[in-house]
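Next comes entry36.tsv, with TSV, C-alpha atoms.
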```tsv
chain	number	residue	atom	x	y	z
A	14	MET	CA	107.68	101.96	128.21
A	15	LYS	CA	104.28	102.59	126.65
A	16	ARG	CA	103.35	102.67	122.96
A	17	ALA	CA	103.45	106.47	122.66
A	18	THR	CA	107.13	106.52	123.64
A	19	ALA	CA	107.94	103.74	121.18
A	20	ILE	CA	106.11	105.60	118.42
A	21	GLY	CA	108.08	108.71	119.32
A	22	VAL	CA	111.29	106.72	118.79
A	23	PHE	CA	110.10	105.36	115.42
A	24	ALA	CA	108.90	108.81	114.32
A	25	GLY	CA	112.31	110.23	115.18
A	26	GLU	CA	113.87	107.59	112.89
A	27	THR	CA	111.49	108.43	110.05
A	28	LYS	CA	113.56	110.98	108.20
A	29	GLY	CA	113.16	110.16	104.53
A	30	ASP	CA	110.25	109.62	102.17
A	31	GLU	CA	109.24	106.23	103.56
A	32	LEU	CA	105.54	105.52	103.45
A	33	VAL	CA	104.08	104.62	106.85
A	34	ILE	CA	100.77	102.80	107.21
A	35	HIS	CA	99.21	102.97	110.67
A	36	ALA	CA	97.00	100.61	112.63
A	37	ASN	CA	93.71	102.18	113.67
A	38	GLY	CA	93.07	103.64	117.10
A	39	MET	CA	95.67	105.11	119.38
A	40	THR	CA	98.56	104.25	117.03
A	41	CYS	CA	97.25	106.80	114.53
A	42	ARG	CA	96.63	109.41	117.18
A	43	GLU	CA	99.96	109.07	118.92
A	44	SER	CA	101.87	109.10	115.62
A	45	PHE	CA	99.90	112.10	114.37
A	46	SER	CA	100.76	113.93	117.58
A	47	ALA	CA	104.44	112.91	117.42
A	48	LYS	CA	105.05	113.90	113.78
A	49	ASP	CA	102.43	114.37	111.10
A	50	ARG	CA	103.65	113.91	107.52
A	51	PRO	CA	101.95	113.41	104.14
A	52	GLU	CA	103.66	110.04	103.74
A	53	ASN	CA	101.64	108.78	106.72
A	54	PHE	CA	98.46	106.85	106.00
A	55	TYR	CA	96.28	106.93	109.09
A	56	MET	CA	93.87	104.00	108.85
A	57	VAL	CA	90.99	104.90	111.15
A	58	GLY	CA	88.67	101.98	110.43
A	59	SER	CA	89.04	98.58	108.75
A	60	MET	CA	90.85	96.89	111.61
A	61	GLY	CA	92.99	94.00	110.43
A	62	LEU	CA	93.93	95.64	107.15
A	63	PRO	CA	96.97	97.89	107.70
A	64	ALA	CA	99.39	95.24	106.46
A	65	ALA	CA	97.13	94.46	103.48
A	66	ILE	CA	97.02	98.14	102.54
A	67	GLY	CA	100.78	98.38	103.02
A	68	LEU	CA	101.30	95.32	100.86
A	69	GLY	CA	99.33	96.93	98.04
A	70	VAL	CA	101.40	100.10	98.39
A	71	ALA	CA	104.66	98.11	98.46
A	72	LEU	CA	103.75	96.20	95.31
A	73	ALA	CA	102.60	99.30	93.49
A	74	ALA	CA	105.58	101.41	94.59
A	75	PRO	CA	108.49	98.94	94.63
A	76	LYS	CA	111.11	101.69	94.82
A	77	ARG	CA	109.69	103.15	98.02
A	78	ASP	CA	110.18	101.88	101.55
A	79	VAL	CA	106.86	100.90	103.10
A	80	VAL	CA	106.66	100.63	106.88
A	81	ILE	CA	103.67	99.37	108.84
A	82	TRP	CA	103.16	100.50	112.42
A	83	ASP	CA	100.82	97.72	113.40
A	84	GLY	CA	99.41	96.47	116.69
A	85	ASP	CA	98.80	93.08	118.25
A	86	GLY	CA	95.01	93.34	117.90
A	87	ASN	CA	95.28	94.13	114.20
A	88	VAL	CA	97.83	91.38	113.48
A	89	LEU	CA	95.74	88.83	115.38
A	90	MET	CA	92.61	89.82	113.48
A	91	ASN	CA	94.24	88.98	110.16
A	92	LEU	CA	97.14	86.58	110.59
A	93	ALA	CA	96.58	85.44	107.02
A	94	VAL	CA	97.97	88.68	105.68
A	95	LEU	CA	101.39	87.71	107.06
A	96	ALA	CA	101.34	84.79	104.64
A	97	GLN	CA	100.32	87.07	101.77
A	98	VAL	CA	103.23	89.40	102.52
A	99	VAL	CA	105.68	86.50	102.36
A	100	ASP	CA	104.18	85.08	99.19
A	101	ALA	CA	104.41	88.49	97.54
A	102	LYS	CA	108.19	88.63	98.27
A	103	VAL	CA	108.13	92.34	99.03
A	104	GLU	CA	111.68	93.42	99.83
A	105	ASN	CA	110.49	96.98	100.53
A	106	PHE	CA	108.18	96.03	103.41
A	107	TRP	CA	108.95	96.58	107.09
A	108	HIS	CA	106.32	95.47	109.58
A	109	VAL	CA	106.40	96.65	113.19
A	110	CYS	CA	104.01	95.12	115.67
A	111	ILE	CA	103.67	97.22	118.80
A	112	ASP	CA	102.37	94.62	121.21
A	113	ASN	CA	100.77	95.74	124.46
A	114	GLU	CA	98.65	92.58	124.79
A	115	ALA	CA	95.54	94.76	124.87
A	116	TYR	CA	92.79	96.34	122.80
A	117	ASP	CA	93.87	99.66	124.20
A	118	SER	CA	91.59	101.86	122.13
A	119	THR	CA	88.45	100.08	123.31
A	120	GLY	CA	89.22	99.98	127.01
A	121	GLY	CA	92.25	97.74	127.44
A	122	GLN	CA	90.65	94.33	127.02
A	123	VAL	CA	93.18	91.48	126.76
A	124	THR	CA	94.47	90.18	123.43
A	125	ILE	CA	95.75	86.64	123.03
A	126	SER	CA	99.24	87.86	122.18
A	127	ARG	CA	99.68	87.33	125.90
A	128	THR	CA	100.26	83.68	124.92
A	129	VAL	CA	100.81	83.70	121.15
A	130	ARG	CA	104.26	84.83	119.98
A	131	LEU	CA	103.48	86.92	116.93
A	132	ASP	CA	107.17	87.23	116.05
A	133	GLU	CA	107.33	83.43	115.80
A	134	VAL	CA	104.20	83.44	113.65
A	135	ALA	CA	105.90	85.92	111.30
A	136	ARG	CA	109.06	83.80	111.28
A	137	ALA	CA	107.10	80.64	110.49
A	138	ALA	CA	105.27	82.46	107.69
A	139	GLY	CA	108.66	83.25	106.19
A	140	TYR	CA	109.54	86.89	106.91
A	141	LYS	CA	113.19	87.33	105.97
A	142	TYR	CA	114.08	89.22	109.13
A	143	VAL	CA	112.39	88.85	112.51
A	144	ALA	CA	113.38	90.51	115.77
A	145	ARG	CA	111.76	90.91	119.16
A	146	VAL	CA	112.23	93.57	121.79
A	147	GLU	CA	111.00	92.85	125.31
A	148	THR	CA	109.27	95.76	127.05
A	149	PRO	CA	111.93	98.46	127.30
A	150	ALA	CA	112.40	99.97	130.73
A	151	ALA	CA	111.70	103.65	131.23
A	152	GLY	CA	114.54	105.48	129.54
A	153	GLY	CA	115.16	102.55	127.21
A	154	GLU	CA	114.72	104.62	124.05
A	155	GLU	CA	118.32	104.22	122.94
A	156	ALA	CA	118.16	100.41	122.80
A	157	LEU	CA	114.80	100.54	121.00
A	158	ARG	CA	116.23	103.01	118.48
A	159	ALA	CA	119.11	100.61	117.78
A	160	ALA	CA	116.68	97.71	117.29
A	161	TYR	CA	114.54	99.80	114.94
A	162	ARG	CA	117.60	100.84	112.91
A	163	ALA	CA	118.79	97.24	112.57
A	164	PHE	CA	115.29	96.23	111.46
A	165	ARG	CA	115.05	99.02	108.89
A	166	ALA	CA	118.52	98.17	107.57
A	167	ALA	CA	117.48	94.56	106.89
A	168	LYS	CA	116.03	93.39	103.59
A	169	GLY	CA	112.27	92.88	103.71
A	170	PRO	CA	109.84	91.52	104.39
A	171	ALA	CA	110.99	92.27	107.93
A	172	PHE	CA	109.09	92.01	111.20
A	173	LEU	CA	109.87	93.74	114.48
A	174	LEU	CA	107.84	92.90	117.55
A	175	VAL	CA	108.07	95.41	120.36
A	176	LYS	CA	106.44	94.58	123.66
A	177	VAL	CA	105.17	97.65	125.50
A	178	GLU	CA	103.01	98.35	128.53
A	179	PRO	CA	99.35	99.06	127.88
A	180	GLY	CA	98.03	102.58	128.26
A	181	SER	CA	97.79	105.64	126.08
A	182	VAL	CA	98.45	109.32	126.48
A	183	HIS	CA	95.56	110.88	128.35
A	184	GLY	CA	93.57	113.36	126.29
A	185	ILE	CA	95.56	112.81	123.10
A	186	GLY	CA	94.01	114.46	120.05
A	187	ARG	CA	92.47	112.73	117.07
A	188	VAL	CA	93.84	112.93	113.54
A	189	THR	CA	92.44	116.22	112.26
A	190	HIS	CA	92.71	115.47	108.53
A	191	THR	CA	89.61	114.06	106.89
A	192	CYS	CA	89.98	110.57	105.42
A	193	GLU	CA	89.64	112.05	101.95
A	194	GLU	CA	92.44	114.47	102.67
A	195	ILE	CA	94.64	111.61	103.93
A	196	THR	CA	94.07	109.80	100.62
A	197	ARG	CA	94.78	112.91	98.55
A	198	ARG	CA	98.01	113.85	100.24
A	199	PHE	CA	99.27	110.27	100.54
A	200	ARG	CA	98.76	109.77	96.79
A	201	ALA	CA	100.58	113.03	96.13
A	202	ALA	CA	103.40	111.80	98.38
A	203	CYS	CA	103.52	108.65	96.23
A	204	GLY	CA	103.93	110.85	93.16
A	205	VAL	CA	100.48	110.10	91.77
A	206	ARG	CA	99.11	112.80	89.48
A	207	GLU	CA	95.33	113.22	89.72
B	11	MET	CA	87.91	84.68	72.06
B	12	SER	CA	86.53	83.44	75.37
B	13	GLN	CA	84.50	85.79	77.51
B	14	HIS	CA	87.00	86.05	80.34
B	15	LYS	CA	89.86	86.76	77.95
B	16	ALA	CA	87.91	89.53	76.24
B	17	PHE	CA	86.93	90.90	79.64
B	18	LEU	CA	90.48	91.01	80.97
B	19	GLU	CA	91.77	92.43	77.70
B	20	LYS	CA	89.21	95.22	77.87
B	21	ALA	CA	90.08	95.82	81.53
B	22	ARG	CA	93.72	96.19	80.60
B	23	ALA	CA	92.79	98.55	77.75
B	24	LEU	CA	90.83	100.66	80.25
B	25	GLY	CA	93.98	100.95	82.35
B	26	PHE	CA	93.41	98.38	85.06
B	27	ASN	CA	96.84	97.28	86.18
B	28	PHE	CA	96.36	95.66	89.60
B	29	PHE	CA	94.26	92.53	89.99
B	30	THR	CA	93.60	90.58	93.15
B	31	GLY	CA	90.91	88.41	94.69
B	32	VAL	CA	89.86	85.04	95.99
B	33	PRO	CA	88.77	82.43	93.43
B	34	CYS	CA	85.31	81.13	92.59
B	35	SER	CA	84.56	78.24	90.25
B	36	LEU	CA	82.34	80.58	88.21
B	37	LEU	CA	85.43	82.73	87.60
B	38	LYS	CA	87.95	79.98	87.07
B	39	GLY	CA	88.73	80.95	83.49
B	40	ALA	CA	89.47	84.51	84.59
B	41	PHE	CA	91.66	83.34	87.45
B	42	ALA	CA	93.56	80.92	85.19
B	43	GLU	CA	94.29	83.85	82.91
B	44	LEU	CA	95.24	86.16	85.78
B	45	GLU	CA	97.65	83.65	87.26
B	46	LYS	CA	99.77	83.93	84.12
B	47	ARG	CA	100.20	87.65	84.70
B	48	SER	CA	102.50	89.67	86.91
B	49	ASP	CA	99.81	92.25	87.72
B	50	PHE	CA	97.80	89.66	89.69
B	51	VAL	CA	98.32	89.11	93.41
B	52	PRO	CA	96.37	86.29	95.05
B	53	ALA	CA	94.60	87.12	98.32
B	54	THR	CA	93.54	84.85	101.17
B	55	ARG	CA	90.49	86.86	102.20
B	56	GLU	CA	88.28	89.19	100.25
B	57	ASP	CA	88.68	92.09	102.70
B	58	SER	CA	92.46	91.69	102.43
B	59	ALA	CA	92.06	91.80	98.66
B	60	LEU	CA	90.18	95.10	98.98
B	61	GLY	CA	92.86	96.35	101.39
B	62	MET	CA	95.63	95.48	98.93
B	63	ALA	CA	93.70	97.03	96.08
B	64	ALA	CA	93.27	100.17	98.20
B	65	GLY	CA	97.01	100.31	98.86
B	66	ALA	CA	97.73	99.83	95.18
B	67	TYR	CA	95.35	102.70	94.34
B	68	LEU	CA	97.06	104.92	96.92
B	69	ALA	CA	100.33	104.34	95.05
B	70	GLY	CA	98.78	105.03	91.64
B	71	LYS	CA	97.33	101.77	90.34
B	72	LYS	CA	93.89	101.05	89.00
B	73	ALA	CA	92.50	97.99	90.75
B	74	MET	CA	90.06	95.18	90.11
B	75	VAL	CA	89.02	92.69	92.81
B	76	LEU	CA	87.42	89.34	91.90
B	77	MET	CA	85.51	87.22	94.38
B	78	GLN	CA	82.58	84.92	95.03
B	79	ASN	CA	79.48	86.56	96.51
B	80	SER	CA	80.18	84.72	99.78
B	81	GLY	CA	83.25	86.97	99.96
B	82	LEU	CA	81.04	90.03	99.77
B	83	GLY	CA	80.04	89.23	103.34
B	84	VAL	CA	83.69	89.26	104.37
B	85	SER	CA	84.18	92.53	102.47
B	86	VAL	CA	81.49	94.67	104.08
B	87	ASN	CA	83.66	96.45	106.64
B	88	ALA	CA	86.44	97.15	104.14
B	89	VAL	CA	83.94	98.66	101.69
B	90	VAL	CA	82.25	100.95	104.20
B	91	SER	CA	85.07	101.86	106.59
B	92	LEU	CA	87.96	101.95	104.12
B	93	ASN	CA	86.90	102.48	100.50
B	94	ALA	CA	83.83	104.60	101.17
B	95	ILE	CA	85.28	107.05	103.69
B	96	TYR	CA	88.72	107.39	102.07
B	97	LYS	CA	87.24	107.67	98.56
B	98	ILE	CA	89.17	104.71	97.19
B	99	PRO	CA	87.73	103.21	94.00
B	100	CYS	CA	87.92	99.73	92.52
B	101	VAL	CA	85.85	97.45	90.34
B	102	MET	CA	84.56	94.39	92.15
B	103	VAL	CA	83.75	91.38	89.99
B	104	ILE	CA	81.44	89.23	92.09
B	105	SER	CA	80.28	85.80	91.02
B	106	TRP	CA	76.63	85.07	91.64
B	107	ARG	CA	76.37	81.73	93.37
B	108	GLY	CA	72.84	80.83	94.44
B	109	TYR	CA	71.32	82.36	91.29
B	110	GLN	CA	67.55	81.66	91.23
B	111	GLY	CA	67.91	79.51	94.33
B	112	LYS	CA	69.46	76.66	92.37
B	113	ASP	CA	72.75	75.89	94.03
B	114	ALA	CA	74.35	74.20	97.03
B	115	PRO	CA	72.66	75.15	100.32
B	116	GLU	CA	75.48	77.41	101.51
B	117	HIS	CA	74.94	79.69	98.49
B	118	ILE	CA	71.18	80.11	98.58
B	119	ILE	CA	70.83	82.95	101.09
B	120	MET	CA	73.77	84.99	99.82
B	121	GLY	CA	72.56	84.43	96.28
B	122	GLU	CA	69.26	85.97	97.24
B	123	ILE	CA	70.61	88.97	99.16
B	124	THR	CA	73.71	89.87	97.10
B	125	HIS	CA	72.10	92.83	95.30
B	126	ARG	CA	70.32	94.12	98.38
B	127	LEU	CA	73.56	93.88	100.33
B	128	LEU	CA	75.37	95.90	97.66
B	129	ASP	CA	72.57	98.48	97.80
B	130	THR	CA	72.82	98.64	101.58
B	131	ILE	CA	76.56	99.27	101.57
B	132	GLY	CA	76.25	101.81	98.77
B	133	VAL	CA	77.96	99.93	95.95
B	134	PRO	CA	76.39	100.54	92.52
B	135	HIS	CA	76.11	97.33	90.56
B	136	ARG	CA	75.03	95.74	87.32
B	137	SER	CA	74.45	92.08	86.52
B	138	PRO	CA	75.26	91.75	82.84
B	139	ASP	CA	74.63	88.78	80.61
B	140	ALA	CA	77.49	87.60	78.41
B	141	GLU	CA	76.58	90.05	75.61
B	142	GLY	CA	76.48	93.04	77.95
B	143	LEU	CA	79.61	92.25	79.94
B	144	LEU	CA	82.07	94.52	78.15
B	145	ALA	CA	79.64	97.44	77.97
B	146	ASP	CA	78.97	97.13	81.68
B	147	LEU	CA	82.69	97.05	82.39
B	148	SER	CA	82.93	100.44	80.67
B	149	TRP	CA	80.03	101.62	82.81
B	150	ALA	CA	81.74	100.37	85.99
B	151	ASN	CA	84.97	102.05	84.96
B	152	ASP	CA	83.25	105.43	84.44
B	153	GLU	CA	81.14	105.11	87.56
B	154	MET	CA	84.08	104.22	89.78
B	155	ALA	CA	86.09	107.20	88.51
B	156	LYS	CA	83.14	109.54	89.05
B	157	ARG	CA	82.37	108.30	92.55
B	158	ARG	CA	85.89	107.34	93.65
B	159	ALA	CA	84.29	104.30	95.28
B	160	PRO	CA	83.83	100.60	94.56
B	161	VAL	CA	81.48	99.56	91.78
B	162	ALA	CA	80.38	95.95	91.27
B	163	LEU	CA	79.67	93.64	88.37
B	164	VAL	CA	77.68	90.62	89.53
B	165	VAL	CA	78.23	87.75	87.10
B	166	ARG	CA	76.28	84.54	86.74
B	167	GLU	CA	77.73	81.27	85.53
B	168	GLY	CA	79.07	81.53	81.99
B	169	VAL	CA	79.17	85.34	81.90
B	170	CYS	CA	82.85	85.77	82.75
B	171	GLY	CA	83.95	82.14	83.08
```
Taking this structure as input, can you express it in the form of structure tokens?
Amino acid sequence: MKRATAIGVFAGETKGDELVIHANGMTCRESFSAKDRPENFYMVGSMGLPAAIGLGVALAAPKRDVVIWDGDGNVLMNLAVLAQVVDAKVENFWHVCIDNEAYDSTGGQVTISRTVRLDEVARAAGYKYVARVETPAAGGEEALRAAYRAFRAAKGPAFLLVKVEPGSVHGIGRVTHTCEEITRRFRAACGVRE
Amino acid sequence: MSQHKAFLEKARALGFNFFTGVPCSLLKGAFAELEKRSDFVPATREDSALGMAAGAYLAGKKAMVLMQNSGLGVSVNAVVSLNAIYKIPCVMVISWRGYQGKDAPEHIIMGEITHRLLDTIGVPHRSPDAEGLLADLSWANDEMAKRRAPVALVVREGVCG
């Protein structure tokens, strides 16, 4: 299974008003193509910061569920943010790491998650719930859906590592909203009055 | 009242309700005060602090980020590829190590280029003395709201201790 299929599964499970922060690159594009919603924050730049942004949202909106669709490259770039999440004791924080052991958006260069177990890093940092899904076989959506549901049902901060095969959908479109528009509609989705 | 207390009191009066950052000895009074408060979240890196502040803004908070000028180097990508393009404001309080070249060697170069670096990344800034600190906080508050972008106060030793 590749990342786009996994994101399709997660998007199908995203039925409420949960706020979803996306890692930059293909994660944004594949999620945007699967199901665009105002509660989605598509982070196009600032690699390494999706979990930091999500942490700020979770602290500022403690009654909302905040879900991060992160990637191995982003998590590796800023491991320290895992510690910040734990220290902040955010119960409304669910952190998915879609791990294809590659910088897929820049040409598929290797990441060191090929040797470093990011789920164990999250566990050592102190995430309250940690689970790992080995690369699902083709047609393995049902098992992944069950793992995602169990993860979302747990109290945060929770971490779900999903191994996938590298590779993205050929010719997939970019997010068509401007960054400013993403900010405006995400704030509106948070109930912020301008 | 001490400078940092007056500063944080004024910030609160202006509506700032989310504080984060990485400490500097020149800001230790401010950090000691912030640590007593529930609206302060410590950060491990300055770009993470800006990321958290951005998230807090997205959910309706008004954010202030405190750091040493060495952390401005760490912050550059967050400022230009997050705050600037998404129109996410905050006030950055940046301590000025290396002021007039009189400091430990690791602070000299950043102390010299801090203002130019802020200019380069498009962050308006003022460097108040102790008497002008509160007035310049009002300026930063107005400027940040107008631009929806980060605005910086660069503070020397003793200005916001």
Inset, instruction - Define the interface residues of chain A facing chain B as those within 8 Å, counting all atoms listed in the file, and report them as a PyMOL selection string. - result: chain A and resi 56+58-59+62-63+65-74+93-94+97+101+192-193+195-196+199-200+203-205
Write out as a compact mmCIF listing (two decimals) with C-alpha atoms, keeping the file's coordinate frame the residues lying within 10 Å of range 115-117 of chain B, counting all atoms listed in the file and excluding same-chain residues fewer than 5 positions away.
```txt
# COMPACT_ATOMS: atom_id res chain seq x y z
CA GLN B 78 82.58 84.92 95.03
CA ASN B 79 79.48 86.56 96.51
CA SER B 80 80.18 84.72 99.78
CA TRP B 106 76.63 85.07 91.64
CA ARG B 107 76.37 81.73 93.37
CA GLY B 108 72.84 80.83 94.44
CA TYR B 109 71.32 82.36 91.29
CA GLU B 122 69.26 85.97 97.24
```
Inset, instruction - Counting only C-alpha atoms, figure out which residue out of A:Lys176, A:Arg16, A:Lys141, A:His35 gets nearest to Asn105 in chain A. - result: A:Lys141
Inset, instruction - Name the closest residue to Arg198 in chain A among the candidates A:Arg50, A:Arg158, A:Lys28, A:Arg42; distances are taken between atoms, counting all atoms listed in the file. - result: A:Arg50
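Using only C-alpha atoms, the protein and nucleic acid residues lying at most 12 Å from the point (96.7, 85.5, 82.3) are His14, Lys15, Ala16, Phe17, Leu18, Glu19, Arg22, Phe29, Lys38, Gly39, Ala40, Phe41, Ala42, Glu43, Leu44, Glu45, Lys46, Arg47, Ser48, Asp49, Phe50 and Val51 of chain B.
The nearest approach to Ser35 in chain B among the residues B:Ser12, B:Ser105, B:Thr124, B:Ser148, with only C-alpha atoms taken into account, belongs to B:Ser105.
Shortest atom-to-atom contact with Asn151 in chain B among B:Leu128, B:Leu24, B:Val165, B:Asp113: B:Leu24, counting only C-alpha atoms.
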How about completing range 113-122 of chain A with all heavy atoms and giving it to me as a tab-separated table (two decimals), in the frame of the given file?
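Done, and the output landed in selection_2.tsv:
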```
chain	number	residue	atom	x	y	z
A	113	ASN	N	101.04	95.45	123.04
A	113	ASN	CA	100.77	95.74	124.46
A	113	ASN	C	99.79	94.72	125.07
A	113	ASN	O	99.28	94.93	126.16
A	113	ASN	CB	100.25	97.17	124.64
A	113	ASN	CG	98.97	97.41	123.87
A	113	ASN	OD1	98.40	96.49	123.29
A	113	ASN	ND2	98.51	98.65	123.88
A	114	GLU	N	99.53	93.66	124.32
A	114	GLU	CA	98.65	92.58	124.79
A	114	GLU	C	97.27	93.11	125.21
A	114	GLU	O	96.64	92.58	126.12
A	114	GLU	CB	99.32	91.81	125.95
A	114	GLU	CG	100.64	91.18	125.52
A	114	GLU	CD	101.36	90.38	126.61
A	114	GLU	OE1	100.75	90.15	127.67
A	114	GLU	OE2	102.51	90.00	126.38
A	115	ALA	N	96.84	94.16	124.50
A	115	ALA	CA	95.54	94.76	124.87
A	115	ALA	C	94.89	95.46	123.68
A	115	ALA	O	95.58	95.95	122.79
A	115	ALA	CB	95.74	95.78	125.99
A	116	TYR	N	93.56	95.47	123.69
A	116	TYR	CA	92.79	96.34	122.80
A	116	TYR	C	92.69	97.68	123.51
A	116	TYR	O	91.70	97.97	124.19
A	116	TYR	CB	91.41	95.74	122.53
A	116	TYR	CG	91.45	94.41	121.79
A	116	TYR	CD1	91.22	93.22	122.45
A	116	TYR	CD2	91.71	94.38	120.43
A	116	TYR	CE1	91.25	92.00	121.77
A	116	TYR	CE2	91.74	93.17	119.73
A	116	TYR	CZ	91.52	91.99	120.41
A	116	TYR	OH	91.56	90.79	119.73
A	117	ASP	N	93.74	98.46	123.37
A	117	ASP	CA	93.87	99.66	124.20
A	117	ASP	C	92.84	100.72	123.85
A	117	ASP	O	92.38	101.47	124.71
A	117	ASP	CB	95.28	100.22	124.03
A	117	ASP	CG	95.88	100.66	125.35
A	117	ASP	OD1	95.17	100.64	126.37
A	117	ASP	OD2	97.06	101.03	125.36
A	118	SER	N	92.48	100.79	122.57
A	118	SER	CA	91.59	101.86	122.13
A	118	SER	C	90.15	101.61	122.52
A	118	SER	O	89.31	102.49	122.40
A	118	SER	CB	91.70	102.05	120.61
A	118	SER	OG	93.04	102.25	120.25
A	119	THR	N	89.84	100.38	122.94
A	119	THR	CA	88.45	100.08	123.31
A	119	THR	C	88.31	99.80	124.80
A	119	THR	O	87.30	99.25	125.24
A	119	THR	CB	87.92	98.85	122.53
A	119	THR	OG1	88.79	97.73	122.79
A	119	THR	CG2	87.85	99.11	121.06
A	120	GLY	N	89.34	100.13	125.56
A	120	GLY	CA	89.22	99.98	127.01
A	120	GLY	C	90.21	99.02	127.64
A	120	GLY	O	90.09	98.69	128.83
A	121	GLY	N	91.17	98.54	126.86
A	121	GLY	CA	92.25	97.74	127.44
A	121	GLY	C	91.92	96.27	127.66
A	121	GLY	O	92.55	95.60	128.47
A	122	GLN	N	90.95	95.76	126.92
A	122	GLN	CA	90.65	94.33	127.02
A	122	GLN	C	91.86	93.50	126.55
A	122	GLN	O	92.63	93.95	125.70
A	122	GLN	CB	89.43	93.98	126.14
A	122	GLN	CG	88.15	94.71	126.53
A	122	GLN	CD	88.01	96.08	125.88
A	122	GLN	OE1	88.93	96.60	125.24
A	122	GLN	NE2	86.86	96.70	126.07
```
